[in-house]
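What follows is one structure encoded as structure tokens, with my remarks underneath.
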Amino acid sequence: MKTIFEKSHPGRSTAYLAAAGPDEKPVASLLPASALRTKPPGLPEVSELEIVRHFTELSHRTFSIDGNFYPLGSCTMKYNPKINEKIAALPGFAKLHPLQPEDTVQGLLEIMWSLERMLAEIAGMDVVTLQPAAGAQGELTGLLLIRSHHQENKQDQRKEILIPDSAHGTNPATATLSGYKTISVKSDARGGIDLEDLKSKLSERTAGMMITNPSTLGLFEENIQAIAELVHKAGGLVYMDGANMNAIQGRARPGDFGIDVMHFNLHKTFSTPHGGGGPGSGPVACKKFLEPYLPVPRIQKEGASFKFDFGQPKSIGKVKAFWGNIGMHIRAYTYIRFHGPEGVRRNAEHAVLNANYLMSLLKKRFKVAYPRLCMHEFVIDNTPYAKKTGVRTLDMAKRLLDYNFHPPTIYFPLIVHEAMMIEPTETENRETLDAFAAALLKIADEAKTDPEKVKTAPHTMPVKRLNEVKAAKEPIVRCYTCG
Amino acid sequence: MKTIFEKSHPGRSTAYLAAAGPDEKPVASLLPASALRTKPPGLPEVSELEIVRHFTELSHRTFSIDGNFYPLGSCTMKYNPKINEKIAALPGFAKLHPLQPEDTVQGLLEIMWSLERMLAEIAGMDVVTLQPAAGAQGELTGLLLIRSHHQENKQDQRKEILIPDSAHGTNPATATLSGYKTISVKSDARGGIDLEDLKSKLSERTAGMMITNPSTLGLFEENIQAIAELVHKAGGLVYMDGANMNAIQGRARPGDFGIDVMHFNLHKTFSTPHGGGGPGSGPVACKKFLEPYLPVPRIQKEGASFKFDFGQPKSIGKVKAFWGNIGMHIRAYTYIRFHGPEGVRRNAEHAVLNANYLMSLLKKRFKVAYPRLCMHEFVIDNTPYAKKTGVRTLDMAKRLLDYNFHPPTIYFPLIVHEAMMIEPTETENRETLDAFAAALLKIADEAKTDPEKVKTAPHTMPVKRLNEVKAAKEPIVRCYTCG
Amino acid sequence: MDYIQNTPADAADMLKSIGVGSIDDLFASIPEGVRLQRPLEIPPALPEQDLLSHLQSLAARNRTFDAGRCFLGAGAYNHFVPAVVDALFSRGEFLSAYTPYQAEASQGTLQHIFEFQTMICELTGMDVANASHYDGGTALEEAVAMAVDHTERRKVVISGGVNPQYRAVVKSLFKHLGATIIEVAQVRGTTPVATLKEAAQDAACIVMQNPNFLGGIEELAAVSEIAHAAGALSIASVNPVALALLKSPGECGCDIAVGEGQPLGIEMNFGGPWAGFIAAKKEFIRGMPGRIVGETVDAEGKRGFTLTLQAREQHIRREKASSNICTNQALMALRATIYLETLGPGGLRRVAEVCVQRSHELAAKLAKVQGVKIPFQYPFFHEFIAELPHPAQTLARLQEKGFLGGLHLQPVFRDLRDHVLLCCTERNSSADIDAFVAALAEAVK
Amino acid sequence: MDYIQNTPADAADMLKSIGVGSIDDLFASIPEGVRLQRPLEIPPALPEQDLLSHLQSLAARNRTFDAGRCFLGAGAYNHFVPAVVDALFSRGEFLSAYTPYQAEASQGTLQHIFEFQTMICELTGMDVANASHYDGGTALEEAVAMAVDHTERRKVVISGGVNPQYRAVVKSLFKHLGATIIEVAQVRGTTPVATLKEAAQDAACIVMQNPNFLGGIEELAAVSEIAHAAGALSIASVNPVALALLKSPGECGCDIAVGEGQPLGIEMNFGGPWAGFIAAKKEFIRGMPGRIVGETVDAEGKRGFTLTLQAREQHIRREKASSNICTNQALMALRATIYLETLGPGGLRRVAEVCVQRSHELAAKLAKVQGVKIPFQYPFFHEFIAELPHPAQTLARLQEKGFLGGLHLQPVFRDLRDHVLLCCTERNSSADIDAFVAALAEAVK
Ligand SMILES: Cc1ncc(COP(=O)(O)O)c(C=O)c1O
Ligand SMILES: Cc1ncc(COP(=O)(O)O)c(C=O)c1O
């Protein structure tokens, strides 16, 4: 399909504003000539109808939860309720200027304050900031809190963050960004953290540990209390990557199992739409002793009214302009209020039920990397197939597209070879899980009977398999025929 | 794809209301048992996510203006602006109860009153009613006005309505519904009304004539003044089917060329969305002398305020519950206000330009039924191809789908054999017209080189060519596996 | 302002291809004397930004009542619409499609209509339903026309419990056609069945509404028996939400069922667009008006949907067609379809239950208010009659307090001088009801 | 309440397939001691109807100002958004897609990002742009990080004309990393270029904003020269609407351009979600943070799009990644994309022109009001400084009259005690401006 630039036609457009009237002063008389550009930017000139057709066609070329089962492991692609979109778009929310006086935004401040309280309760933590824009920014915020804590305690030498080898890439990247050195900790044969390896890496240089629980292998860290104790004993703090909170909400609370600080991904656990890459929202919850360092402003309730409090001398400052991705807060608040305590817990239970059920269908033919009950997701190791047939995980993933399923996350976590990480979420039904399992089992057959078909998949998408190597070797990252 | 009933699963659904509380009285205690049904209706039991996927998939299987060039003759499939939808959905319009007191709906009454005035001006008429729900209902309203007029004048013997043979089926059907006999009038070689035939059919039984101008052949009736005079002289009135007003708005007015009463199709000329079959809106405009018979209520302006006036003793009564398809009035009002006088006229001009341009591209190879300049549409006669190759208009139409174009209207008007009636509208661009012409010319080639391909088209739709004969012979008009 | 894509350069090229010199030349067939030589006298163009402000200011001059504070029904019902309905309904493919003439390219439209037809059949207990009609009133008019055609009789018996708006629509057409229309007055909230017997002689049909305009539940089955005994058809106009609880017209022996789909997820829209429906027993299928979608197979035997039985329709049969309808209300029927499928049998039943619950709660509470009476004891769904002093003034006072307080029946029902028709839906909570009762008690003081 | 589809019967079957007896069994790996044994203490579930009412009542407790009555900018701009933006943006396929990891199934997402990147390059005069960043402030932070990495210097020079919110974000991170941050104060509305020379020594970068926070147009080209002379990078934070008129950072010799996409059709949303952007000269491509979409071909040579240069990113490079960003603001970038493509070069320019027009009109009219001064004469885009008596009280009075009357600069800009920052966009008509001036004249009396 054409890019919009290829549809551009000089002079074509729709007028949204009135043309200049007779008494309008030319811009050149108001601004210095030296400041003005001489060549207009190469934006396309198209009609509104063409815009509509362009984006309608683009939408038809986009797999999505609304269109497809999308069991992308670690991403919690659950149903994004339409009521949330309707509410977030209410003018009383969407049309607010971030610098409006506090007395004109009491409803919104109440939502933010209440969401903080609800997240704190779900986390078993004392306090929450909603400011971080996504999980990775939550991690950064969390590590800056840890850093502030150690600085305050004159423990500046603590420059190492321990991170399990199964962790998501944002964890080590965040450690670096916040000036820490990453020390990798091994996983043991059951997929948990190797306690001996952990012990050997703890020291007075340990600032803390980042731990994902349930882990990216879809496993609850059985030794979590012992691990937290070890880290604490070594003088470090424990950060939890809460990307997988969907599996345990209402059944266990990080604050209760030794975590000092953690983030939520509202775009996972609380279903705010991921929009082809974002926005997200990464609130950070922590124990009381870290509160002084939280970003400003904090939201305070005074009597029946709410206000921003900027007066936190030890605060790390701001991690994002203004107050956070408010639209996502509104959606998450709505989602939690819809569910209530029982609904939130049931989400976890059925996420785990669906994952285990799907695993039960697949494990007869596929090698499950850690063959035990899982939480919200599980990881398949496709090495046997790859060895036998030459058909790799990538091929199977592409072939799934021909069955109209979005593939699972692949080649992650890195410690499982030929990994396929499957997270069905609680909002899918059994018929869909059955159909997906059937497709994957059929592909496993095809890998034997017709490997070429799998290796050259997909066959039914708007494009055939794309050349990613060429894309990276000769990067073309913008259209050049515009303007 | 499955019907929703095939996706139904007992006990599955989403709760939109709270369950019964303890102090709720059972329905059986409030209503007589004899009134209550024992078996629930067989509605499907599905989750909200399935609803979303179901309708998303259905939408992907639907050609539309938003997705495709849709040159359906006589239907004026022009761009439906998104701003109109936004405005019609404003709570201040959508949430109004039709029986709210007039003082609480002044804004809406102003819109209706103003729209009546604007339509009257565009039509060159004196008064307008917005009540009819679609063109056909406008026709009925118009004929009832004519009937009332004759009754008032004790001309009860006038029981015949003259209708050209090129007219849309609603015209004769409406004549019958309103108790009239249809007398068909021939078209002449130029596509106009045959004056001699007309004269021979006029008599003291003539109640009036229904005339479509521009006609369904896309031609302006050159003798319109003479025709109107003849009908008037015979004591009849002239009704105009205004379905094709898009071609002449701002350039000529029915009231100026002898029409007594007419309807608009707001869903054609003024772009209200046609929604897979409707809603429409068919306001009727007429001369002053017919005003007493218009449906009630009329909208009156008194000083700065607006009210409904039910006191019209000679009124035909009501043609529709309440006041009309208000949402369509709002959209049409918005559309006309966006365009202003110049925009409205330009719409006609470019509709006519586009049609003539497209005809100029096609006439080299296709037989244009009436080879002269057209208005908003033109008709191709495919008999030459059908004779030579066995490829019929139906086949060509189906083959166009494979080129991603919606076909034109086919086999109408009835007086052109193998007709293909093409109306591009003003909102399409030249590139699209070029591409459409190229596709049709290519299909003409295919008809010679590979007729089977055309005769078995379409090949790229979700279904192959459907068996319509079977559908009519063994009608299955509902799903039986539900409930 | 316009949405035209041709630039002046395009237009010049295109005129050349056509072989004329100017746009004016294209209009040469319009006789000179009737060409409009001046600009239309309509207001000047408004760019989108100003257009929006203008329409917003007009919308602001209408008063919307809080959902819980509307106690007015009388043919338009204030129900809750799940957000998913709007989200899907507003997809551009649905909005901007035409009637599905080319079935292969319109399977989406055809299938959702097929599902609509099925659910209307399920609700009404009928065999066949069409793709929608303009509204409940015109659907009733068409049903009467079917009966007149079928029986070849020209007398129509219609209950005074039928929505007066609908009766007016039926009358407008049939008085022109010279039919006799006999209205059988309702008495204390329902239609006295006994009086129908005589009226039914030589009638084409007996038309009932259930629940009737006053909320009352009629004895449909008994009426059907009377109609059939007289060789007339039994026609019922029904509220589809009530059908989640009430016996269907099919179960009551009716031949044709019609109604208004507005309560099924369609906004009140000040009265339109809504979606009428018509359903009938299978023997009437070829007399049905409007589009009907049928199931068939494609060239490879795969299931698909298409418009069918078109030989009834005006574009084929012209003056012999079963009706003149062409454009219907398909998009509104889509809303009803999404709504019904979203709620499912349990959800719709729950809506109906809460309607019954709350209206009876309101009636019971009002009965205790000094000066207010519930004069008639008839079984009702979600509307009932209350008697008040000075209804017009009372309603005006309630309006000041933010309540849309019901319909004063007097102008239409001459004998119900001090009576108002009140309605509750699931949108009126018990708290809303208490607030309303308190406001009313104050207002009638 | 929930959206779970499994019925109890399904769950029982599924547990059997799994081979466990209960859902509790599935959670056996959670140590008993830390299992939550009580319900969460969060408010009870609300069905959708009540949920909507609850949130509507919260929304009603926020005050929205009429579009024409907002004269507050300061980093969030009140622009008109054509209806087509919302209509397309809200399509479910766009909303509910994830990052386009499987390119073949996500050509729609990839292509709209590619178009976004292209237009950001065109606006900024840069060679490469990423798929979006969290917001303008964090985009700036990442640009500084790129400069620090590239130059291996740890000193950052930042103009006092940069949005104080952005400066705070940069500071939060870099003070932890031990970098030196030198703020060069703005003087009477713009940054004194001469003072930058000294500061630039050993700096990783000089950071400017254009138009700056006070609306002033800076001498970007001169600053770039100073930066380059000192071996530092030149970074500009820019308003994309202004770029329809102003020289692009590329033309001014900047190395990296960042900014906030909010003015491009994104609602103010009380501050987020918005869409930051980062663009750079091509030599910096491998140091860019975040997703980048590239063009490639498929197995048959047909053009397609895919995420590319992923070797920079955290999921591949982990602790050596150029940034930690994973989730970005793609959906908001889509809004900006639709907006830019809808307006086109002429439309965007017109928005910018009207902004300039109206803000200068307001300034001129205010200058005539008794008690109000326009103290500094600097070239400005759509924001400028006015001096008033008792700004806090005056703003409060304006608020009573329905105006959002600008930002009191004092708390952040210590030397601007009685100064407010005012903004006009195309939403403020001349009539709105007159009403505002009149209200202000009244308020300062
Ligand atoms: C386990 C894990 N950690 C961290 C992240 C990063 O979160 P975000 O993408 O919101 O920045 C993700 C997101 O994919 C994740 O799956
Ligand atoms: C020429 C003509 N007349 C009448 C009609 C009937 O109008 P409606 O479909 O609005 O009832 C149409 C609609 O297709 C038409 O094209």
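Ordering of the structure tokens sets the chain letters (A, B, ...); residue numbers start at 1 within each chain; ligands are numbered from 1 in the order shown.
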Expected answer as a list of chain:residue names: alpha helix (DSSP H) residues in region 266-345 of chain A:
A:Leu266, A:His267, A:Lys268, A:Thr269, A:Ile326, A:Gly327, A:Met328, A:His329, A:Ile330, A:Arg331, A:Ala332, A:Tyr333, A:Thr334, A:Tyr335, A:Ile336, A:Arg337, A:Phe338, A:His339, A:Gly340, A:Pro341, A:Glu342, A:Gly343, A:Val344, A:Arg345
Please give me, as a PDB file with N, CA and C atoms, in the first residue's frame, the residues lying within 8 Å of ligand 2 when counting only C-alpha atoms and all ligand atoms.
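This is the output file out12.pdb:
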ATOM      1  N   GLY B  73     -24.719   4.282  -8.686  1.00  0.00           N
ATOM      2  CA  GLY B  73     -25.570   5.283  -9.322  1.00  0.00           C
ATOM      3  C   GLY B  73     -26.873   5.469  -8.583  1.00  0.00           C
ATOM      4  N   SER B  74     -27.316   6.726  -8.505  1.00  0.00           N
ATOM      5  CA  SER B  74     -28.562   7.116  -7.850  1.00  0.00           C
ATOM      6  C   SER B  74     -28.447   7.145  -6.327  1.00  0.00           C
ATOM      7  N   CYS B  75     -27.282   6.785  -5.794  1.00  0.00           N
ATOM      8  CA  CYS B  75     -27.145   6.698  -4.332  1.00  0.00           C
ATOM      9  C   CYS B  75     -26.266   7.785  -3.735  1.00  0.00           C
ATOM     10  N   ALA B 133     -39.155   9.910   6.861  1.00  0.00           N
ATOM     11  CA  ALA B 133     -37.956   9.208   7.295  1.00  0.00           C
ATOM     12  C   ALA B 133     -37.011   8.851   6.156  1.00  0.00           C
ATOM     13  N   ALA B 134     -37.494   8.927   4.930  1.00  0.00           N
ATOM     14  CA  ALA B 134     -36.638   8.581   3.794  1.00  0.00           C
ATOM     15  C   ALA B 134     -37.305   9.102   2.535  1.00  0.00           C
ATOM     16  N   GLY B 135     -36.626   8.919   1.411  1.00  0.00           N
ATOM     17  CA  GLY B 135     -37.158   9.421   0.152  1.00  0.00           C
ATOM     18  C   GLY B 135     -38.534   8.846  -0.148  1.00  0.00           C
ATOM     19  N   ALA B 136     -38.667   7.533  -0.001  1.00  0.00           N
ATOM     20  CA  ALA B 136     -39.938   6.904  -0.340  1.00  0.00           C
ATOM     21  C   ALA B 136     -41.060   7.465   0.536  1.00  0.00           C
ATOM     22  N   GLN B 137     -40.748   7.741   1.789  1.00  0.00           N
ATOM     23  CA  GLN B 137     -41.778   8.315   2.646  1.00  0.00           C
ATOM     24  C   GLN B 137     -42.065   9.763   2.283  1.00  0.00           C
ATOM     25  N   GLY B 138     -41.038  10.435   1.757  1.00  0.00           N
ATOM     26  CA  GLY B 138     -41.264  11.768   1.218  1.00  0.00           C
ATOM     27  C   GLY B 138     -42.223  11.712   0.043  1.00  0.00           C
ATOM     28  N   GLU B 139     -42.020  10.726  -0.805  1.00  0.00           N
ATOM     29  CA  GLU B 139     -42.929  10.558  -1.952  1.00  0.00           C
ATOM     30  C   GLU B 139     -44.359  10.352  -1.477  1.00  0.00           C
ATOM     31  N   ALA B 167     -38.198   5.837 -14.124  1.00  0.00           N
ATOM     32  CA  ALA B 167     -38.254   6.211 -12.700  1.00  0.00           C
ATOM     33  C   ALA B 167     -37.829   5.080 -11.778  1.00  0.00           C
ATOM     34  N   HIS B 168     -37.449   5.485 -10.610  1.00  0.00           N
ATOM     35  CA  HIS B 168     -37.089   4.559  -9.541  1.00  0.00           C
ATOM     36  C   HIS B 168     -38.345   3.821  -9.086  1.00  0.00           C
ATOM     37  N   GLY B 169     -38.191   2.587  -8.655  1.00  0.00           N
ATOM     38  CA  GLY B 169     -39.332   1.767  -8.256  1.00  0.00           C
ATOM     39  C   GLY B 169     -40.173   2.347  -7.140  1.00  0.00           C
ATOM     40  N   THR B 170     -39.570   3.162  -6.304  1.00  0.00           N
ATOM     41  CA  THR B 170     -40.370   3.729  -5.218  1.00  0.00           C
ATOM     42  C   THR B 170     -41.496   4.600  -5.765  1.00  0.00           C
ATOM     43  N   ASN B 171     -41.300   5.225  -6.931  1.00  0.00           N
ATOM     44  CA  ASN B 171     -42.337   6.133  -7.454  1.00  0.00           C
ATOM     45  C   ASN B 171     -43.640   5.381  -7.721  1.00  0.00           C
ATOM     46  N   THR B 212     -38.357  12.704 -12.067  1.00  0.00           N
ATOM     47  CA  THR B 212     -37.059  12.711 -11.400  1.00  0.00           C
ATOM     48  C   THR B 212     -36.138  13.584 -12.234  1.00  0.00           C
ATOM     49  N   SER B 215     -32.758  13.071 -14.161  1.00  0.00           N
ATOM     50  CA  SER B 215     -33.387  11.763 -14.178  1.00  0.00           C
ATOM     51  C   SER B 215     -32.421  10.682 -13.740  1.00  0.00           C
ATOM     52  N   THR B 216     -32.942   9.477 -13.639  1.00  0.00           N
ATOM     53  CA  THR B 216     -32.087   8.355 -13.255  1.00  0.00           C
ATOM     54  C   THR B 216     -31.119   7.996 -14.379  1.00  0.00           C
ATOM     55  N   ASP B 241     -39.089  13.868  -7.703  1.00  0.00           N
ATOM     56  CA  ASP B 241     -38.224  12.997  -6.917  1.00  0.00           C
ATOM     57  C   ASP B 241     -36.859  13.672  -6.914  1.00  0.00           C
ATOM     58  N   GLY B 242     -36.460  14.176  -5.737  1.00  0.00           N
ATOM     59  CA  GLY B 242     -35.235  14.975  -5.649  1.00  0.00           C
ATOM     60  C   GLY B 242     -34.005  14.167  -5.303  1.00  0.00           C
ATOM     61  N   ALA B 243     -34.041  12.869  -5.550  1.00  0.00           N
ATOM     62  CA  ALA B 243     -32.892  12.019  -5.211  1.00  0.00           C
ATOM     63  C   ALA B 243     -31.602  12.531  -5.848  1.00  0.00           C
ATOM     64  N   ASN B 244     -31.750  13.218  -6.964  1.00  0.00           N
ATOM     65  CA  ASN B 244     -30.554  13.642  -7.697  1.00  0.00           C
ATOM     66  C   ASN B 244     -30.255  15.130  -7.555  1.00  0.00           C
ATOM     67  N   ASN B 265     -33.367  13.727  -0.451  1.00  0.00           N
ATOM     68  CA  ASN B 265     -32.814  12.606   0.304  1.00  0.00           C
ATOM     69  C   ASN B 265     -31.586  13.150   1.023  1.00  0.00           C
ATOM     70  N   HIS B 267     -29.728  11.769   2.971  1.00  0.00           N
ATOM     71  CA  HIS B 267     -28.664  10.753   2.980  1.00  0.00           C
ATOM     72  C   HIS B 267     -27.967  10.653   1.632  1.00  0.00           C
ATOM     73  N   GLY B 278     -29.747   2.394   5.749  1.00  0.00           N
ATOM     74  CA  GLY B 278     -30.459   3.516   6.333  1.00  0.00           C
ATOM     75  C   GLY B 278     -29.852   3.819   7.680  1.00  0.00           C
ATOM     76  N   GLY B 280     -32.367   7.145   6.498  1.00  0.00           N
ATOM     77  CA  GLY B 280     -32.362   8.271   5.589  1.00  0.00           C
ATOM     78  C   GLY B 280     -33.140   9.395   6.208  1.00  0.00           C
ATOM     79  N   SER B 281     -33.469  10.346   5.385  1.00  0.00           N
ATOM     80  CA  SER B 281     -34.397  11.397   5.791  1.00  0.00           C
ATOM     81  C   SER B 281     -34.895  12.038   4.507  1.00  0.00           C
ATOM     82  N   GLY B 282     -36.211  12.198   4.396  1.00  0.00           N
ATOM     83  CA  GLY B 282     -36.782  12.647   3.121  1.00  0.00           C
ATOM     84  C   GLY B 282     -37.668  13.871   3.249  1.00  0.00           C
TER      85      GLY B 282
ATOM     86  N   ASN C 324     -43.619   0.565  -0.456  1.00  0.00           N
ATOM     87  CA  ASN C 324     -42.722   1.447  -1.213  1.00  0.00           C
ATOM     88  C   ASN C 324     -41.375   1.636  -0.528  1.00  0.00           C
ATOM     89  N   ILE C 325     -41.161   0.971   0.599  1.00  0.00           N
ATOM     90  CA  ILE C 325     -39.926   1.271   1.358  1.00  0.00           C
ATOM     91  C   ILE C 325     -38.678   0.870   0.576  1.00  0.00           C
ATOM     92  N   CYS C 326     -37.671   1.698   0.680  1.00  0.00           N
ATOM     93  CA  CYS C 326     -36.379   1.433   0.034  1.00  0.00           C
ATOM     94  C   CYS C 326     -35.341   1.567   1.151  1.00  0.00           C
ATOM     95  N   THR C 327     -34.892   2.780   1.427  1.00  0.00           N
ATOM     96  CA  THR C 327     -34.026   3.015   2.582  1.00  0.00           C
ATOM     97  C   THR C 327     -34.774   2.650   3.862  1.00  0.00           C
ATOM     98  N   ASN C 328     -34.083   1.922   4.750  1.00  0.00           N
ATOM     99  CA  ASN C 328     -34.701   1.583   6.031  1.00  0.00           C
ATOM    100  C   ASN C 328     -33.897   2.207   7.172  1.00  0.00           C
TER     101      ASN C 328
END
At a cut-off of 12 Å, using only C-alpha atoms, what residues contact Phe306 (chain B)? Leave out same-chain residues fewer than 5 positions from it and give the result as a ChimeraX atom specification.
/B:101-114,298-301 /C:61
Next, write the just-selected residues to a file, as a short mmCIF file (atom, residue, chain, number, x, y, z; two decimals), in the first residue's frame, keeping C-alpha atoms as the atom set.
data_model
loop_
_atom_site.label_atom_id
_atom_site.label_comp_id
_atom_site.auth_asym_id
_atom_site.auth_seq_id
_atom_site.Cartn_x
_atom_site.Cartn_y
_atom_site.Cartn_z
CA PRO B 101 -41.15 20.57 26.84
CA GLU B 102 -40.40 22.94 23.98
CA ASP B 103 -38.62 25.42 26.21
CA THR B 104 -35.97 22.77 26.90
CA VAL B 105 -35.17 22.07 23.23
CA GLN B 106 -34.85 25.51 21.71
CA GLY B 107 -31.47 24.78 20.15
CA LEU B 108 -32.76 21.77 18.33
CA LEU B 109 -35.95 23.45 17.18
CA GLU B 110 -33.81 26.25 15.82
CA ILE B 111 -31.80 23.74 13.82
CA MET B 112 -34.94 22.17 12.41
CA TRP B 113 -36.48 25.51 11.61
CA SER B 114 -33.29 26.75 9.94
CA ARG B 298 -45.09 22.38 11.96
CA ILE B 299 -42.26 24.33 13.54
CA GLN B 300 -43.04 27.98 14.11
CA LYS B 301 -40.79 30.82 15.12
CA ARG C 61 -29.55 25.51 24.37
#
Can you tell me which residues surround Leu15 (chain D) at a distance of at most 8 Å, considering only C-alpha atoms, apart from same-chain residues fewer than 5 positions away, and format the answer as a list in words?
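Near neighbours after the sequence-gap exclusion: Leu353 and Tyr357 of chain A; Val20, Gly21, Ser22 and Ile23 of chain D.
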Dump all heavy atoms for the selected residues as an mmCIF file, in the first residue's frame?
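Wrote selection_16.cif, looks like this:
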data_model
loop_
_atom_site.group_PDB
_atom_site.id
_atom_site.type_symbol
_atom_site.label_atom_id
_atom_site.label_comp_id
_atom_site.auth_asym_id
_atom_site.auth_seq_id
_atom_site.Cartn_x
_atom_site.Cartn_y
_atom_site.Cartn_z
ATOM 1 N N LEU A 353 -5.369 -19.899 35.426
ATOM 2 C CA LEU A 353 -6.104 -21.075 34.928
ATOM 3 C C LEU A 353 -5.926 -21.211 33.411
ATOM 4 O O LEU A 353 -5.603 -22.286 32.908
ATOM 5 C CB LEU A 353 -7.591 -20.936 35.281
ATOM 6 C CG LEU A 353 -8.516 -22.025 34.740
ATOM 7 C CD1 LEU A 353 -8.192 -23.385 35.368
ATOM 8 C CD2 LEU A 353 -9.991 -21.671 34.997
ATOM 9 N N TYR A 357 -4.096 -24.272 31.547
ATOM 10 C CA TYR A 357 -4.900 -25.092 30.643
ATOM 11 C C TYR A 357 -4.239 -25.165 29.264
ATOM 12 O O TYR A 357 -4.076 -26.240 28.685
ATOM 13 C CB TYR A 357 -6.314 -24.511 30.525
ATOM 14 C CG TYR A 357 -7.162 -25.227 29.514
ATOM 15 C CD1 TYR A 357 -7.585 -26.544 29.747
ATOM 16 C CD2 TYR A 357 -7.534 -24.613 28.321
ATOM 17 C CE1 TYR A 357 -8.359 -27.219 28.812
ATOM 18 C CE2 TYR A 357 -8.308 -25.288 27.383
ATOM 19 C CZ TYR A 357 -8.716 -26.589 27.634
ATOM 20 O OH TYR A 357 -9.467 -27.266 26.698
ATOM 21 N N VAL D 20 -5.358 -30.723 38.243
ATOM 22 C CA VAL D 20 -5.413 -30.271 39.641
ATOM 23 C C VAL D 20 -6.871 -30.182 40.054
ATOM 24 O O VAL D 20 -7.781 -30.190 39.216
ATOM 25 C CB VAL D 20 -4.733 -28.893 39.852
ATOM 26 C CG1 VAL D 20 -3.254 -28.978 39.518
ATOM 27 C CG2 VAL D 20 -5.428 -27.809 39.050
ATOM 28 N N GLY D 21 -7.065 -30.054 41.330
ATOM 29 C CA GLY D 21 -8.424 -30.113 41.843
ATOM 30 C C GLY D 21 -9.116 -28.775 41.976
ATOM 31 O O GLY D 21 -10.336 -28.699 41.963
ATOM 32 N N SER D 22 -8.322 -27.703 42.095
ATOM 33 C CA SER D 22 -8.963 -26.407 42.344
ATOM 34 C C SER D 22 -8.061 -25.285 41.870
ATOM 35 O O SER D 22 -6.865 -25.486 41.628
ATOM 36 C CB SER D 22 -9.204 -26.231 43.845
ATOM 37 O OG SER D 22 -7.947 -26.018 44.478
ATOM 38 N N ILE D 23 -8.650 -24.136 41.785
ATOM 39 C CA ILE D 23 -7.859 -22.974 41.412
ATOM 40 C C ILE D 23 -6.794 -22.700 42.463
ATOM 41 O O ILE D 23 -5.655 -22.351 42.140
ATOM 42 C CB ILE D 23 -8.791 -21.773 41.181
ATOM 43 C CG1 ILE D 23 -9.551 -22.018 39.866
ATOM 44 C CG2 ILE D 23 -8.006 -20.460 41.162
ATOM 45 C CD1 ILE D 23 -10.154 -20.832 39.190
#
Once DSSP has gone over the backbone, tell me which residues of region 281-315 of chain C are in strand (DSSP E or B), as a ChimeraX atom specification.
/C:293-298,303-307
Got a sec: who's within 6 Å of Val261 (chain B), counting only C-alpha atoms, leaving out chain neighbours fewer than 6 positions off, as number ranges by chain?
B: 239, 285-286
Using only C-alpha atoms: which of D:Ala257, D:Ala392, D:Leu309, D:Leu52 has the shortest distance to Pro82 (chain C):
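Ranking D:Ala257, D:Ala392, D:Leu309, D:Leu52 by distance to Pro82 (chain C), first place goes to D:Leu52.
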Quick one: of A:Leu466, A:Val391, A:Met461, A:Val127, who's nearest to His406 (chain A), counting only C-alpha atoms?
A:Met461
